[in-house]
Each structure stands twice: as structure tokens, then as C-alpha cells.
Amino acid sequence: MKILVSFLLLALLWSCASTMSSTWSKSDYEGRTFDKILVVAEASSKQGRINSENAIVERLQKEGINATNSLGVFPLNEEVNALSPEEIEDRILKGGYDGVLISSLADANSREVREGGGTYAQPVTYRYGRMIRTGYVHVQEPEYYRREVTYVLETQLYDTKDSANKESVVWAGQAEITDPSSLESGVKDYAKALVKSLLDSGVIK
């Protein structure tokens, strides 16, 4: 089993992820109950990594699944890229982890979106002597452009005790997140969607 953790730069600003946009499961994998899952989030900031890993861990634990973040295995002040695949594997196996869940940024796309430019009716009151009448004037909204960014987030599940092929991923899922804003609420939304998908697929029982 070789798990290559690259720790790419990732703006982990997950939000509004109620479902995974696509998932894949290994065809001959029946799923099982994991004893201990290690959760790893590849993030551009230390706090982003902590928040993201803890959100997923918390959601897994709510479902009765034993999971921990990766801080005890890969400390924040350590350069993980300097570790060899064998060193990474050795730490995971010595920690007693039979499952590893890794989340990372798969892609990011941006585009210009036109907004405004619409017309709406504004009520206006007119007075003619003792008569009061209400009319409407049409108001044109200003038109402007803004940049919309869509992030594609990917999570992979490794079974370190998969006797059929220890080097393969047994499950993978992606979610598309557009214009994220809140990190704290966003990671919780993503974690909820992720864990639900894992359980629905049957790879984690």
C-alpha cells in the first residue's frame, strides 16, 4: 500500500455542498467497518487544515465511526513533501489506521458573470390639488461584471488492509463549490455531504 500525500496548495473554502457531484467505487470492493480512519486535508493554511480535518472527523464520529485528524501523524510544522512514500506508509500503519481519507483541490475555474441591467417599476405619488394619484416610473439597474470561481474538491478513501490490491483507492468523490464565502460553515456542509455519500455507497459500514 503506497499513499502519496502531496499536500498541494488549497484554498479550503467549502460551502453549499449539500451533495457530491460525482462518485466512484472500486468494482470488486464490498466495503466494511473500519476500526480507525485517518483524515487528511491538503490545505494552504494551517488553520484551514485543522478546521477541515476536524469537521470531517466530527461528522464521522457522529455516525459512530472512529476517526482522527492527521496532526498526530503529520505535525503542522513538518514538511510532508520531504517524506518518502515508505515513511508515510510506515506512520499510517504504526498508528493502527486501516483507512485513510484524503481531501484535496482537484481543479479551479473562473469566469466573468454579468449581473444587473434589469428594469423594475418604482411607484411614485403625484398630488394634483386635493387629488393624490400613484404612478410608476421605470428604473434601469446598472450592469456590471464579477468574477465567479468554481472549485472542484476531491476526496479519496484508501483501505490499508484491502487484500485484493493495497495500492488502489477504493472510493473517490468530487464536489463543485461556486463562490465560497464562509470557511467554518462551508467545511461542515462539505463534511456532511461527504460522509453521507460514503455511507450511502456502502464502502464504509
# chains A, B, ... in the order shown; residues from 1 in each chain; ligands from 1
$ select_by_dssp --residues "region 13-162 of chain A" --states "helix (DSSP H, G or I)" --output "PDB file with C-alpha atoms, in the first residue's frame"
ATOM      1  CA  LYS A  46      -2.583  25.536   8.968  1.00  0.00           C
ATOM      2  CA  GLN A  47      -5.908  26.702  10.344  1.00  0.00           C
ATOM      3  CA  GLY A  48      -7.686  25.663   7.167  1.00  0.00           C
ATOM      4  CA  ARG A  49      -6.257  22.182   7.500  1.00  0.00           C
ATOM      5  CA  ILE A  50      -7.242  21.931  11.165  1.00  0.00           C
ATOM      6  CA  ASN A  51     -10.797  23.155  10.566  1.00  0.00           C
ATOM      7  CA  SER A  52     -11.324  20.913   7.561  1.00  0.00           C
ATOM      8  CA  GLU A  53      -9.979  17.746   9.142  1.00  0.00           C
ATOM      9  CA  ASN A  54     -11.877  18.321  12.381  1.00  0.00           C
ATOM     10  CA  ALA A  55     -15.156  18.930  10.537  1.00  0.00           C
ATOM     11  CA  ILE A  56     -14.871  15.599   8.711  1.00  0.00           C
ATOM     12  CA  VAL A  57     -13.763  13.778  11.864  1.00  0.00           C
ATOM     13  CA  GLU A  58     -16.699  15.197  13.826  1.00  0.00           C
ATOM     14  CA  ARG A  59     -19.180  14.098  11.151  1.00  0.00           C
ATOM     15  CA  LEU A  60     -17.707  10.577  11.017  1.00  0.00           C
ATOM     16  CA  GLN A  61     -17.805  10.281  14.794  1.00  0.00           C
ATOM     17  CA  LYS A  62     -21.459  11.323  14.832  1.00  0.00           C
ATOM     18  CA  VAL A  80       5.395  16.363   4.437  1.00  0.00           C
ATOM     19  CA  ASN A  81       6.741  16.653   0.890  1.00  0.00           C
ATOM     20  CA  ALA A  82      10.142  15.724   2.296  1.00  0.00           C
ATOM     21  CA  PRO A  85       6.191   7.138   0.404  1.00  0.00           C
ATOM     22  CA  GLU A  86       7.605   4.434   2.654  1.00  0.00           C
ATOM     23  CA  GLU A  87       7.864   6.812   5.627  1.00  0.00           C
ATOM     24  CA  ILE A  88       4.292   7.964   5.099  1.00  0.00           C
ATOM     25  CA  GLU A  89       3.049   4.383   4.872  1.00  0.00           C
ATOM     26  CA  ASP A  90       5.027   3.361   7.960  1.00  0.00           C
ATOM     27  CA  ARG A  91       3.481   6.125  10.087  1.00  0.00           C
ATOM     28  CA  ILE A  92      -0.024   5.246   8.974  1.00  0.00           C
ATOM     29  CA  LEU A  93       0.363   1.540   9.677  1.00  0.00           C
ATOM     30  CA  LYS A  94       2.117   2.114  13.018  1.00  0.00           C
TER      31      LYS A  94
END
$ select_by_dssp --residues "region 71-123 of chain A" --states "strand (DSSP E)" --output "list in words"
Gly99, Val100, Leu101, Ile102, Ser103, Ser104, Leu105, Ala106, Asp107, Ala108, Asn109, Ser110, Arg111, Glu112, Val113, Arg114, Glu115, Gly116, Thr119, Tyr120, Ala121, Gln122 and Pro123 of chain A
$ residues_around --residues "Ser21 (chain A)" --least-positions-apart "5" --cutoff "7 Å" --atoms "only C-alpha atoms" --output "list in words"
Gln174, Ala175 and Glu176 of chain A
$ write_last_selection --atoms "N, CA and C atoms" --output "JSON list (two decimals), in the first residue's frame"
[["chain", "number", "residue", "atom", "x", "y", "z"],
["A", 174, "GLN", "N", -16.22, 13.76, -5.80],
["A", 174, "GLN", "CA", -15.94, 15.17, -6.10],
["A", 174, "GLN", "C", -17.16, 16.03, -5.80],
["A", 175, "ALA", "N", -16.89, 17.27, -5.44],
["A", 175, "ALA", "CA", -17.95, 18.26, -5.23],
["A", 175, "ALA", "C", -17.51, 19.57, -5.86],
["A", 176, "GLU", "N", -18.43, 20.25, -6.55],
["A", 176, "GLU", "CA", -18.15, 21.55, -7.15],
["A", 176, "GLU", "C", -18.72, 22.64, -6.27]]
$ residues_around --residues "region 64-73 of chain A" --least-positions-apart "6" --cutoff "6 Å" --atoms "only C-alpha atoms" --output "ChimeraX atom specification"
/A:36-40,53,57
$ write_last_selection --atoms "N, CA and C atoms" --output "compact mmCIF listing (two decimals), in the first residue's frame"
# COMPACT_ATOMS: atom_id res chain seq x y z
N LYS A 36 -10.31 2.31 12.43
CA LYS A 36 -9.71 3.62 12.71
C LYS A 36 -9.36 4.31 11.40
N ILE A 37 -9.96 5.47 11.15
CA ILE A 37 -9.74 6.20 9.90
C ILE A 37 -8.94 7.47 10.17
N LEU A 38 -7.91 7.67 9.35
CA LEU A 38 -7.10 8.89 9.43
C LEU A 38 -7.62 9.88 8.40
N VAL A 39 -7.94 11.09 8.85
CA VAL A 39 -8.48 12.12 7.95
C VAL A 39 -7.39 13.14 7.65
N VAL A 40 -7.10 13.32 6.36
CA VAL A 40 -6.06 14.26 5.92
C VAL A 40 -6.67 15.27 4.96
N GLU A 53 -10.12 19.11 8.62
CA GLU A 53 -9.98 17.75 9.14
C GLU A 53 -10.92 17.51 10.32
N VAL A 57 -13.86 14.69 10.73
CA VAL A 57 -13.76 13.78 11.86
C VAL A 57 -15.03 13.82 12.71
$ closest_residue --among "A:Tyr190, A:Phe74, A:Tyr145, A:Phe34" --to "Lys161 (chain A)" --atoms "only C-alpha atoms"
A:Phe34
$ residues_around --residues "region 22-30 of chain A" --least-positions-apart "6" --cutoff "6 Å" --atoms "only C-alpha atoms" --output "PyMOL selection string"
chain A and resi 170-174
$ closest_residue --among "A:Arg114, A:Ala41, A:Asp98, A:Asn77" --to "Glu143 (chain A)" --atoms "only C-alpha atoms"
A:Arg114
